[in-house]
file query_7.csv (CSV, C-alpha atoms)
chain,number,residue,atom,x,y,z
A,1,MET,CA,68.0,-46.8,57.3
A,2,ASN,CA,69.2,-43.5,56.0
A,3,PRO,CA,71.2,-43.6,52.7
A,4,ASN,CA,72.4,-40.0,53.3
A,5,THR,CA,74.2,-40.8,56.6
A,6,GLN,CA,77.7,-39.5,57.0
A,7,PRO,CA,80.1,-42.3,56.1
A,8,SER,CA,82.6,-43.5,58.7
A,9,ALA,CA,85.0,-45.2,56.3
A,10,GLY,CA,88.2,-43.2,56.2
A,11,PHE,CA,87.0,-40.7,58.8
A,12,LYS,CA,89.6,-39.4,61.2
A,13,PRO,CA,89.0,-36.9,64.0
A,14,ALA,CA,90.7,-33.5,63.7
A,15,SER,CA,92.5,-34.1,67.0
A,16,THR,CA,93.7,-37.4,68.4
A,17,ALA,CA,95.4,-35.9,71.4
A,18,THR,CA,93.1,-37.3,74.1
A,19,PRO,CA,94.2,-40.8,75.1
A,20,VAL,CA,91.9,-43.7,75.8
A,21,LEU,CA,92.0,-46.3,78.6
A,22,VAL,CA,90.0,-49.5,78.1
A,23,LEU,CA,89.1,-51.4,81.3
A,24,GLY,CA,88.5,-55.1,81.0
A,25,GLY,CA,87.0,-57.0,78.1
A,26,LYS,CA,88.5,-59.5,75.7
A,27,ASP,CA,87.8,-59.2,72.0
A,28,ASN,CA,86.2,-55.8,72.4
A,29,SER,CA,89.3,-54.3,74.1
A,30,LEU,CA,91.4,-55.6,71.1
A,31,ALA,CA,89.0,-54.2,68.5
A,32,ILE,CA,89.1,-50.8,70.2
A,33,ALA,CA,92.9,-50.8,70.5
A,34,ARG,CA,93.3,-51.7,66.8
A,35,ASN,CA,90.7,-49.2,65.5
A,36,LEU,CA,91.6,-46.2,67.5
A,37,GLY,CA,95.3,-47.0,67.7
A,38,LYS,CA,95.5,-47.0,63.9
A,39,LEU,CA,94.1,-43.5,63.9
A,40,GLY,CA,97.0,-42.3,66.0
A,41,ILE,CA,95.1,-42.2,69.3
A,42,ALA,CA,97.0,-43.5,72.3
A,43,VAL,CA,95.1,-46.5,73.7
A,44,ARG,CA,96.0,-48.0,77.0
A,45,VAL,CA,94.4,-51.2,78.2
A,46,SER,CA,94.1,-52.8,81.7
A,47,GLY,CA,92.6,-56.2,82.5
A,48,PRO,CA,93.3,-59.8,83.3
A,49,ALA,CA,95.5,-62.0,81.2
A,50,ASN,CA,92.7,-62.7,78.6
A,51,CYS,CA,92.1,-59.0,78.0
A,52,TRP,CA,93.4,-59.4,74.4
A,53,GLY,CA,93.8,-55.7,73.8
A,54,MET,CA,96.9,-55.7,76.0
A,55,ASN,CA,98.7,-57.9,73.5
A,56,SER,CA,98.0,-55.7,70.5
A,57,ARG,CA,100.8,-53.7,68.8
A,58,TYR,CA,98.3,-50.8,68.9
A,59,CYS,CA,98.2,-50.8,72.7
A,60,ALA,CA,100.4,-47.9,73.8
A,61,GLU,CA,100.7,-49.3,77.4
A,62,ARG,CA,99.3,-52.2,79.3
A,63,PHE,CA,98.3,-52.5,83.0
A,64,PRO,CA,97.7,-56.2,83.6
A,65,VAL,CA,95.7,-57.1,86.7
A,66,PRO,CA,97.9,-59.4,88.8
A,67,PHE,CA,96.7,-63.0,88.8
A,68,GLY,CA,94.5,-63.7,91.9
A,69,SER,CA,93.9,-59.9,92.5
A,70,GLY,CA,90.6,-58.2,92.2
A,71,ALA,CA,90.3,-55.9,89.2
A,72,ALA,CA,88.3,-53.3,91.1
A,73,ALA,CA,91.0,-52.9,93.8
A,74,PHE,CA,93.7,-52.7,91.1
A,75,TRP,CA,91.8,-50.1,89.1
A,76,THR,CA,91.1,-48.1,92.2
A,77,ASP,CA,94.8,-47.8,92.9
A,78,LEU,CA,95.7,-47.3,89.2
A,79,LEU,CA,93.1,-44.5,88.6
A,80,LEU,CA,92.6,-42.9,92.0
A,81,GLY,CA,95.7,-43.7,93.9
A,82,PRO,CA,98.7,-41.5,94.6
A,83,GLU,CA,100.4,-42.4,91.2
A,84,SER,CA,97.4,-41.9,89.1
A,85,GLY,CA,98.1,-38.3,88.0
A,86,ARG,CA,99.8,-39.3,84.7
A,87,LEU,CA,96.6,-41.0,83.5
A,88,HIS,CA,94.3,-38.0,84.3
A,89,GLY,CA,92.5,-36.8,81.1
A,90,HIS,CA,92.0,-40.2,79.6
A,91,ILE,CA,88.7,-41.3,78.2
A,92,ILE,CA,87.7,-44.5,80.1
A,93,PHE,CA,85.9,-47.2,78.1
A,94,ALA,CA,84.3,-50.1,79.9
A,95,GLY,CA,84.9,-53.5,78.3
A,96,SER,CA,83.4,-55.7,81.0
A,97,ASP,CA,80.6,-55.8,83.5
A,98,GLU,CA,83.2,-55.6,86.3
A,99,ALA,CA,84.5,-52.4,84.7
A,100,LEU,CA,81.0,-51.0,84.6
A,101,GLU,CA,80.4,-51.8,88.2
A,102,PHE,CA,83.8,-50.2,89.1
A,103,ILE,CA,82.9,-47.0,87.2
A,104,ALA,CA,79.4,-46.8,88.8
A,105,GLU,CA,80.8,-47.2,92.3
A,106,HIS,CA,83.5,-44.5,91.8
A,107,ARG,CA,81.7,-42.3,89.3
A,108,GLU,CA,82.0,-39.0,91.2
A,109,GLN,CA,85.7,-39.4,91.9
A,110,LEU,CA,86.5,-40.6,88.4
A,111,ALA,CA,84.6,-37.8,86.7
A,112,GLU,CA,86.9,-35.3,88.4
A,113,HIS,CA,89.9,-36.6,86.3
A,114,TYR,CA,88.6,-38.6,83.4
A,115,LEU,CA,86.0,-38.5,80.6
A,116,LEU,CA,83.3,-41.2,81.0
A,117,ALA,CA,80.9,-42.5,78.3
A,118,VAL,CA,78.4,-44.5,80.5
A,119,SER,CA,74.9,-44.0,82.0
A,120,ALA,CA,74.2,-42.7,85.5
A,121,PRO,CA,75.4,-45.0,88.3
A,122,GLN,CA,72.0,-46.2,89.3
A,123,LEU,CA,71.0,-47.2,85.8
A,124,ILE,CA,74.3,-49.0,85.3
A,125,MET,CA,73.6,-51.1,88.5
A,126,ASP,CA,70.1,-51.7,87.3
A,127,LEU,CA,71.3,-53.0,84.0
A,128,LEU,CA,73.9,-55.2,85.6
A,129,ASP,CA,71.1,-56.7,87.7
A,130,LYS,CA,69.4,-59.1,85.1
A,131,GLN,CA,66.3,-59.4,87.3
A,132,ARG,CA,65.9,-55.6,87.5
A,133,THR,CA,66.5,-55.3,83.7
A,134,LEU,CA,63.5,-57.5,83.0
A,135,GLU,CA,61.4,-55.5,85.4
A,136,LEU,CA,62.3,-52.3,83.7
A,137,ALA,CA,61.6,-53.7,80.3
A,138,ARG,CA,58.1,-54.7,81.4
A,139,GLU,CA,57.6,-51.2,82.8
A,140,ALA,CA,58.6,-49.8,79.3
A,141,GLY,CA,56.1,-52.1,77.6
A,142,VAL,CA,58.7,-54.4,76.1
A,143,ALA,CA,57.9,-58.2,76.2
A,144,THR,CA,59.9,-60.4,78.5
A,145,PRO,CA,60.2,-64.1,79.1
A,146,GLY,CA,58.5,-65.3,82.4
A,147,PHE,CA,60.8,-64.8,85.4
A,148,TRP,CA,60.8,-65.3,89.2
A,149,LYS,CA,63.2,-63.9,91.7
A,150,ILE,CA,64.6,-66.6,94.0
A,151,GLY,CA,66.2,-65.7,97.4
A,152,THR,CA,65.9,-69.1,99.1
A,153,LEU,CA,65.0,-72.7,98.2
A,154,ASN,CA,61.7,-72.0,100.0
A,155,ASP,CA,60.9,-69.3,97.4
A,156,LEU,CA,61.5,-71.9,94.7
A,157,GLU,CA,59.1,-74.4,96.4
A,158,LEU,CA,56.4,-71.7,96.5
A,159,ILE,CA,56.3,-71.3,92.7
A,160,ARG,CA,56.9,-75.0,91.9
A,161,ASP,CA,53.4,-75.5,90.4
A,162,GLU,CA,53.9,-72.5,88.1
A,163,LEU,CA,57.1,-73.7,86.5
A,164,LYS,CA,57.3,-75.3,83.0
A,165,PHE,CA,60.5,-76.7,81.7
A,166,PRO,CA,63.0,-76.0,80.2
A,167,LEU,CA,64.1,-73.2,82.5
A,168,ILE,CA,67.2,-71.1,83.1
A,169,VAL,CA,68.9,-70.5,86.4
A,170,LYS,CA,70.0,-67.0,85.5
A,171,PRO,CA,72.4,-65.0,87.7
A,172,VAL,CA,71.4,-61.5,88.7
A,173,HIS,CA,75.0,-60.5,88.2
A,174,SER,CA,76.5,-62.5,85.3
A,175,HIS,CA,80.2,-61.6,85.8
A,176,LYS,CA,80.1,-62.9,89.4
A,177,PHE,CA,78.4,-66.2,88.2
A,178,VAL,CA,81.0,-66.7,85.5
A,179,ARG,CA,83.8,-66.2,88.0
A,180,ALA,CA,82.3,-68.9,90.2
A,181,PHE,CA,81.2,-71.5,87.6
A,182,GLY,CA,82.9,-70.6,84.3
A,183,LYS,CA,79.6,-70.3,82.5
A,184,LYS,CA,76.9,-67.6,82.2
A,185,LEU,CA,73.9,-69.7,83.4
A,186,PHE,CA,72.4,-73.1,84.1
A,187,ILE,CA,69.9,-74.6,81.7
A,188,ILE,CA,67.5,-77.1,83.3
A,189,GLU,CA,65.8,-79.3,80.6
A,190,ASP,CA,63.5,-81.1,82.9
A,191,GLY,CA,63.1,-82.0,86.6
A,192,TYR,CA,62.5,-80.0,89.7
A,193,ALA,CA,65.2,-81.9,91.6
A,194,ASP,CA,67.9,-80.7,89.2
A,195,LEU,CA,66.5,-77.2,89.3
A,196,ALA,CA,66.6,-77.1,93.1
A,197,ALA,CA,70.1,-78.5,93.1
A,198,LYS,CA,71.4,-75.8,90.8
A,199,VAL,CA,69.7,-73.0,92.6
A,200,GLY,CA,71.0,-74.3,95.9
A,201,LEU,CA,74.5,-74.5,94.4
A,202,ALA,CA,74.3,-70.8,93.3
A,203,LEU,CA,73.0,-69.7,96.7
A,204,GLU,CA,75.8,-71.6,98.5
A,205,HIS,CA,78.2,-69.4,96.5
A,206,GLY,CA,76.4,-66.3,97.7
A,207,LEU,CA,75.0,-65.5,94.2
A,208,GLU,CA,71.6,-64.0,93.6
A,209,VAL,CA,69.6,-65.8,90.9
A,210,ALA,CA,66.3,-65.7,89.0
A,211,ILE,CA,64.4,-68.5,87.3
A,212,VAL,CA,63.8,-67.4,83.7
A,213,GLU,CA,61.7,-69.1,81.1
A,214,LEU,CA,63.8,-70.5,78.2
A,215,ILE,CA,62.4,-69.2,75.0
A,216,PRO,CA,62.4,-72.1,72.5
A,217,GLY,CA,63.9,-72.1,69.1
A,218,PRO,CA,67.3,-71.8,67.5
A,219,ASP,CA,69.9,-69.1,68.1
A,220,THR,CA,69.1,-67.6,64.7
A,221,LEU,CA,66.1,-66.0,66.5
A,222,LEU,CA,68.4,-63.8,68.5
A,223,SER,CA,69.0,-60.2,67.4
A,224,SER,CA,70.4,-57.1,69.0
A,225,TYR,CA,70.1,-53.3,68.7
A,226,ASN,CA,73.2,-51.2,69.4
A,227,SER,CA,73.4,-47.4,69.9
A,228,PHE,CA,75.6,-44.6,71.2
A,229,ILE,CA,73.6,-41.9,72.8
A,230,ASN,CA,75.3,-38.6,73.7
A,231,GLU,CA,74.6,-36.5,76.8
A,232,GLU,CA,71.9,-34.5,75.0
A,233,GLY,CA,70.0,-37.7,74.3
A,234,GLU,CA,70.8,-37.9,70.6
A,235,SER,CA,71.5,-41.3,69.1
A,236,LEU,CA,74.6,-41.2,67.0
A,237,LEU,CA,74.5,-44.9,66.0
A,238,ASP,CA,71.8,-47.3,64.9
A,239,PHE,CA,73.2,-50.8,64.3
A,240,THR,CA,71.5,-54.2,64.4
A,241,LYS,CA,72.9,-57.7,64.0
A,242,ARG,CA,71.6,-61.2,64.2
A,243,MET,CA,73.0,-64.4,65.6
A,244,ILE,CA,73.8,-67.3,63.4
A,245,ARG,CA,75.3,-69.7,66.0
A,246,ARG,CA,76.5,-69.7,69.6
A,247,TYR,CA,78.6,-72.1,71.5
A,248,PRO,CA,77.5,-73.9,73.6
A,249,VAL,CA,74.2,-73.9,71.5
A,250,ASN,CA,71.4,-71.9,73.1
A,251,SER,CA,73.4,-70.8,76.1
A,252,GLY,CA,77.0,-69.6,75.2
A,253,ASN,CA,78.7,-66.7,73.5
A,254,GLY,CA,78.1,-65.9,69.9
A,255,CYS,CA,80.5,-67.6,67.5
A,256,TYR,CA,79.0,-66.5,64.2
A,257,HIS,CA,77.2,-63.1,63.9
A,258,ILE,CA,75.8,-61.2,60.9
A,259,ALA,CA,75.3,-57.5,60.4
A,260,GLU,CA,71.7,-57.1,59.3
A,261,TRP,CA,69.2,-54.3,59.6
A,262,GLU,CA,66.3,-55.6,61.8
A,263,PRO,CA,63.6,-52.8,61.9
A,264,GLU,CA,61.6,-54.3,64.8
A,265,THR,CA,64.7,-54.9,66.9
A,266,ALA,CA,65.8,-51.3,66.4
A,267,ARG,CA,62.3,-49.9,67.2
A,268,LEU,CA,62.0,-51.8,70.5
A,269,GLY,CA,65.6,-51.1,71.4
A,270,LYS,CA,65.1,-47.3,70.9
A,271,LYS,CA,61.9,-47.4,72.8
A,272,LEU,CA,63.6,-49.1,75.7
A,273,PHE,CA,66.7,-46.9,75.7
A,274,ASP,CA,64.5,-43.7,75.6
A,275,TYR,CA,62.5,-45.0,78.6
A,276,LEU,CA,65.6,-45.8,80.6
A,277,GLY,CA,67.5,-42.6,79.7
A,278,VAL,CA,70.5,-44.5,78.5
A,279,ARG,CA,73.7,-42.6,77.8
A,280,GLY,CA,76.9,-43.8,76.1
A,281,PHE,CA,77.1,-47.1,74.3
A,282,ALA,CA,74.4,-49.7,74.9
A,283,ASN,CA,73.4,-53.1,73.5
A,284,VAL,CA,70.1,-54.9,74.0
A,285,GLU,CA,69.5,-58.4,72.9
A,286,PHE,CA,66.1,-59.9,72.0
A,287,LYS,CA,64.9,-63.4,71.0
A,288,ARG,CA,61.8,-63.9,68.9
A,289,ASP,CA,59.4,-66.3,70.6
A,290,PRO,CA,58.0,-68.7,68.0
A,291,ARG,CA,55.0,-69.4,70.2
A,292,ASP,CA,53.6,-65.9,69.9
A,293,GLY,CA,55.9,-64.1,67.4
A,294,GLN,CA,57.0,-61.5,69.9
A,295,LEU,CA,60.6,-60.2,70.3
A,296,LYS,CA,61.4,-60.7,74.0
A,297,ILE,CA,64.3,-59.1,75.8
A,298,ILE,CA,67.2,-61.2,76.9
A,299,GLU,CA,69.6,-58.6,78.4
A,300,ILE,CA,71.1,-55.1,78.1
A,301,ASN,CA,74.8,-54.4,78.1
A,302,GLY,CA,75.8,-50.8,78.9
A,303,ARG,CA,79.3,-51.3,77.5
A,304,PHE,CA,81.2,-52.3,74.3
A,305,THR,CA,80.5,-55.9,73.4
A,306,ALA,CA,82.5,-58.8,72.1
A,307,ALA,CA,81.3,-58.2,68.5
A,308,HIS,CA,82.9,-54.8,68.3
A,309,GLU,CA,85.1,-55.8,65.4
A,310,LEU,CA,82.0,-56.4,63.4
A,311,PHE,CA,80.8,-52.9,64.2
A,312,VAL,CA,84.1,-51.4,63.0
A,313,ARG,CA,84.4,-53.4,59.8
A,314,SER,CA,80.7,-52.8,58.9
A,315,GLY,CA,81.2,-49.0,59.1
A,316,ALA,CA,79.6,-48.5,62.5
A,317,PRO,CA,82.7,-47.7,64.8
A,318,ALA,CA,81.0,-47.1,68.1
A,319,ASP,CA,84.4,-46.4,69.8
A,320,LEU,CA,85.2,-43.6,67.3
A,321,ILE,CA,81.7,-42.1,67.6
A,322,ALA,CA,82.1,-42.1,71.4
A,323,TYR,CA,85.6,-40.6,71.1
A,324,CYS,CA,84.5,-37.7,68.9
A,325,SER,CA,81.4,-37.0,71.1
A,326,LEU,CA,83.5,-37.0,74.4
A,327,THR,CA,86.2,-34.7,72.9
A,328,GLY,CA,83.7,-32.2,71.5
A,329,GLN,CA,84.5,-33.0,67.9
A,330,PRO,CA,82.1,-33.5,65.0
A,331,GLY,CA,82.1,-37.2,64.1
A,332,PRO,CA,80.2,-39.7,62.0
A,333,LYS,CA,76.5,-40.2,62.8
A,334,VAL,CA,75.9,-43.8,61.6
A,335,THR,CA,72.4,-44.9,60.6
A,336,ASP,CA,73.5,-47.1,57.7
A,337,PHE,CA,76.2,-49.8,57.6
A,338,ARG,CA,77.5,-52.6,55.4
A,339,GLN,CA,75.0,-55.4,55.7
A,340,GLY,CA,75.8,-59.1,55.4
A,341,LEU,CA,79.3,-59.0,56.9
A,342,ARG,CA,79.9,-61.8,59.3
A,343,LEU,CA,82.0,-62.2,62.4
A,344,TRP,CA,83.3,-65.7,62.8
A,345,TYR,CA,85.1,-67.7,65.5
A,346,PRO,CA,86.2,-70.8,63.6
A,347,ILE,CA,87.1,-73.2,66.4
A,348,LEU,CA,84.0,-72.3,68.5
A,349,ASP,CA,81.8,-72.4,65.5
A,350,PHE,CA,83.0,-75.9,64.6
A,351,LEU,CA,82.2,-77.0,68.1
A,352,ALA,CA,78.8,-75.5,67.7
A,353,PHE,CA,78.4,-77.4,64.5
A,354,LEU,CA,79.2,-80.7,66.3
A,355,GLN,CA,76.5,-80.0,68.9
A,356,LEU,CA,74.0,-79.1,66.2
A,357,ARG,CA,74.8,-82.2,64.2
A,358,GLN,CA,74.3,-84.3,67.3
A,359,ARG,CA,70.9,-82.7,67.8
A,360,GLY,CA,70.1,-83.4,64.1
A,361,GLU,CA,69.8,-79.7,63.3
A,362,LEU,CA,72.8,-79.2,61.0
A,363,ASN,CA,74.9,-81.4,58.7
A,364,PHE,CA,78.5,-80.9,57.6
A,365,SER,CA,77.4,-79.7,54.1
A,366,GLY,CA,75.0,-77.1,55.6
A,367,TRP,CA,77.7,-75.9,57.9
A,368,VAL,CA,80.2,-75.4,55.1
A,369,LYS,CA,77.6,-73.7,52.9
A,370,SER,CA,76.9,-71.2,55.7
A,371,ILE,CA,80.5,-70.1,55.6
A,372,VAL,CA,82.1,-70.6,52.2
A,373,GLY,CA,81.7,-67.6,49.9
A,374,LYS,CA,80.4,-65.3,52.6
A,375,PRO,CA,82.1,-62.0,53.6
A,376,VAL,CA,83.7,-63.0,56.9
A,377,VAL,CA,86.0,-61.2,59.4
A,378,LEU,CA,87.8,-62.7,62.3
A,379,ALA,CA,87.9,-61.2,65.8
A,380,LEU,CA,91.5,-62.0,66.8
A,381,VAL,CA,93.4,-62.9,63.6
A,382,ARG,CA,95.1,-60.0,61.8
A,383,LEU,CA,98.3,-60.3,59.8
A,384,ASP,CA,99.4,-56.8,60.8
A,385,ASP,CA,98.8,-57.7,64.5
A,386,PRO,CA,99.3,-61.4,65.1
A,387,ARG,CA,100.2,-61.5,68.8
A,388,PRO,CA,96.7,-61.5,70.2
A,389,ALA,CA,95.7,-64.6,68.3
A,390,LEU,CA,98.9,-66.4,69.2
A,391,CYS,CA,98.3,-65.5,72.9
A,392,ALA,CA,94.7,-66.8,72.7
A,393,VAL,CA,95.9,-70.1,71.2
A,394,ALA,CA,98.6,-70.5,73.9
A,395,ALA,CA,96.0,-69.7,76.6
A,396,ASN,CA,93.6,-72.3,75.2
A,397,ILE,CA,96.4,-74.9,75.1
A,398,GLN,CA,97.3,-74.2,78.8
A,399,ARG,CA,93.7,-74.5,79.8
A,400,LEU,CA,93.4,-77.9,78.1
A,401,ILE,CA,96.6,-79.1,79.8
A,402,ARG,CA,95.4,-78.0,83.2
A,403,GLY,CA,92.1,-79.7,82.5
A,404,ARG,CA,93.8,-83.0,81.7
A,405,GLY,CA,96.0,-82.6,84.8
call {"tool": "encode", "arguments": {"input": "query_7.csv", "output": "structure tokens"}}
result
Amino acid sequence: MNPNTQPSAGFKPASTATPVLVLGGKDNSLAIARNLGKLGIAVRVSGPANCWGMNSRYCAERFPVPFGSGAAAFWTDLLLGPESGRLHGHIIFAGSDEALEFIAEHREQLAEHYLLAVSAPQLIMDLLDKQRTLELAREAGVATPGFWKIGTLNDLELIRDELKFPLIVKPVHSHKFVRAFGKKLFIIEDGYADLAAKVGLALEHGLEVAIVELIPGPDTLLSSYNSFINEEGESLLDFTKRMIRRYPVNSGNGCYHIAEWEPETARLGKKLFDYLGVRGFANVEFKRDPRDGQLKIIEINGRFTAAHELFVRSGAPADLIAYCSLTGQPGPKVTDFRQGLRLWYPILDFLAFLQLRQRGELNFSGWVKSIVGKPVVLALVRLDDPRPALCAVAANIQRLIRGRG
């Protein structure tokens, strides 16, 4: 950590004339709209209904993807169609894997009219492929959990004697799996029959999957390294954070994060990004394996993540760094940040507590002590911008009603 790093607090670029368009995402699209919008940058957002940035007062214009329509087809028309001229010149930020895939597939056409802050198309596709990501990490000398590519149920049968439970049925492309099943993966605690059934179900939906070893231990063993790397290969951001809780436990999205400097996480993340030739913003997540003490890669995201509000509030605004880099302006180079700040999702974290209590891993007093008196920020709730939180509550109520119906 460098105590002489240029501070980002209060920093404003000399020119805010270049507009930004965020494609997809949820919490991250909102954090970007709020942060850049408050600086006077015109931020436009396009995504499905739960792309919360579209509901922000700092969103200059919204382009909702119609319900039931494919985002890629909508974005192709929006950005490359006959009426796209008025959006030319925007910086495009990817907020979701689907947006990354769209940018990779149309990189050459998009680059004629827009500024892009992502890696080369082939690397994007490699990082979206969770199996390929693990293979590349091994090539780079970074530890991985055990994994096996499965194309058919016969492939699974061939490795049956090698498997030790618990295991993960992990999709090669997470965003396609979530669209089909509403979750990121299947965890198989024990039993080959259940494993074969879940693999078969994924294959029936035309989804590619891998079998991945489940690293034991709590979610607190998860940490991530985050960086923005410009076209010259210079890292303008070094930021690490650690997970406190996820929901569902050991498989879901983070519901309680903490900004902390993790030297080994940063070292391995830099090593991996240098080997891959990553450009733009990227995030790599590791979990420390208590069996051998090694940090092992979980996944890489070549886009802004759900915890972006924590970056901004900790003094590591990756979106602003990217904006300055892409517009040729001097900007903050962040190698230090406010440590100890926490990003909290109250409802999801309470549900995580209930699961942990049922498992005998956390009591109510311990849960309360982990929150009270701690510096906490919320992803959606802001008094000066209440609509996103209200829309999220309304969406959750509708989902519950549909579920009961």
call {"tool": "atom_distance", "arguments": {"input": "query_7.csv", "atom1": "CA of Leu158 (chain A)", "atom2": "CA of Ala202 (chain A)"}}
result
18.2 Å
call {"tool": "residues_around", "arguments": {"input": "query_7.csv", "residues": "Pro263 (chain A)", "least_positions_apart": "3", "cutoff": "12 Å", "atoms": "only C-alpha atoms", "output": "MDAnalysis selection string"}}
result
chainID A and resid 1 223:225 238:242 260 266:270 295 335
call {"tool": "atom_distance", "arguments": {"input": "query_7.csv", "atom1": "CA of Gly40 (chain A)", "atom2": "CA of Pro388 (chain A)"}}
result
19.7 Å
call {"tool": "closest_atom_pairs", "arguments": {"input": "query_7.csv", "of": "region 18-111 of chain A", "to": "region 169-193 of chain A", "cutoff": "10 Å", "atoms": "all atoms listed in the file", "output": "CSV"}}
result
residue,atom,partner,partner_atom,distance
A:Ser96,CA,A:His175,CA,8.3
A:Asp97,CA,A:His175,CA,6.3
A:Glu98,CA,A:His175,CA,6.7
call {"tool": "atom_distance", "arguments": {"input": "query_7.csv", "atom1": "CA of Pro64 (chain A)", "atom2": "CA of His88 (chain A)"}}
result
18.5 Å
call {"tool": "closest_residue", "arguments": {"input": "query_7.csv", "among": "A:Asn396, A:Ala389, A:Gly146, A:Phe364", "to": "Met54 (chain A)", "atoms": "all atoms listed in the file"}}
result
A:Ala389
call {"tool": "residues_around", "arguments": {"input": "query_7.csv", "residues": "region 257-259 of chain A", "least_positions_apart": "2", "cutoff": "8 Å", "atoms": "only C-alpha atoms", "output": "list in words"}}
result
Thr240, Lys241, Arg242, Met243, Ile244, Arg245, Gly254, Cys255, Trp261, Ala307, Leu310, Ser314, Arg338, Gln339, Gly340, Leu341, Arg342, Leu343 and Trp344 of chain A
call {"tool": "closest_residue", "arguments": {"input": "query_7.csv", "among": "A:Cys391, A:Arg138, A:His308, A:Tyr323", "to": "Pro19 (chain A)", "atoms": "all atoms listed in the file"}}
result
A:Tyr323
call {"tool": "decode", "arguments": {"input": "query_7.csv", "residues": "region 228-258 of chain A", "atoms": "C-alpha atoms", "output": "CSV table (one decimal), in the first residue's frame"}}
result
chain,number,residue,atom,x,y,z
A,228,PHE,CA,-8.2,-1.1,-13.7
A,229,ILE,CA,-5.4,-1.6,-16.3
A,230,ASN,CA,-5.0,0.9,-19.1
A,231,GLU,CA,-4.1,0.2,-22.7
A,232,GLU,CA,-0.4,0.6,-21.8
A,233,GLY,CA,-0.7,-2.2,-19.2
A,234,GLU,CA,-0.4,0.2,-16.2
A,235,SER,CA,-2.5,-0.7,-13.2
A,236,LEU,CA,-4.3,2.4,-12.0
A,237,LEU,CA,-6.2,0.7,-9.2
A,238,ASP,CA,-5.2,-1.8,-6.5
A,239,PHE,CA,-8.1,-2.7,-4.3
A,240,THR,CA,-8.9,-5.8,-2.2
A,241,LYS,CA,-11.8,-6.8,-0.2
A,242,ARG,CA,-12.9,-9.8,1.9
A,243,MET,CA,-16.3,-11.6,2.3
A,244,ILE,CA,-18.0,-11.7,5.6
A,245,ARG,CA,-21.2,-13.4,4.6
A,246,ARG,CA,-23.0,-14.6,1.5
A,247,TYR,CA,-26.6,-15.7,0.9
A,248,PRO,CA,-27.2,-18.5,0.4
A,249,VAL,CA,-24.3,-19.5,2.6
A,250,ASN,CA,-21.3,-20.9,0.6
A,251,SER,CA,-23.0,-20.5,-2.8
A,252,GLY,CA,-24.8,-17.1,-3.2
A,253,ASN,CA,-24.0,-13.5,-3.7
A,254,GLY,CA,-22.2,-11.4,-1.1
A,255,CYS,CA,-24.4,-9.8,1.4
A,256,TYR,CA,-21.7,-8.4,3.7
A,257,HIS,CA,-18.3,-7.3,2.4
A,258,ILE,CA,-15.4,-5.5,4.0
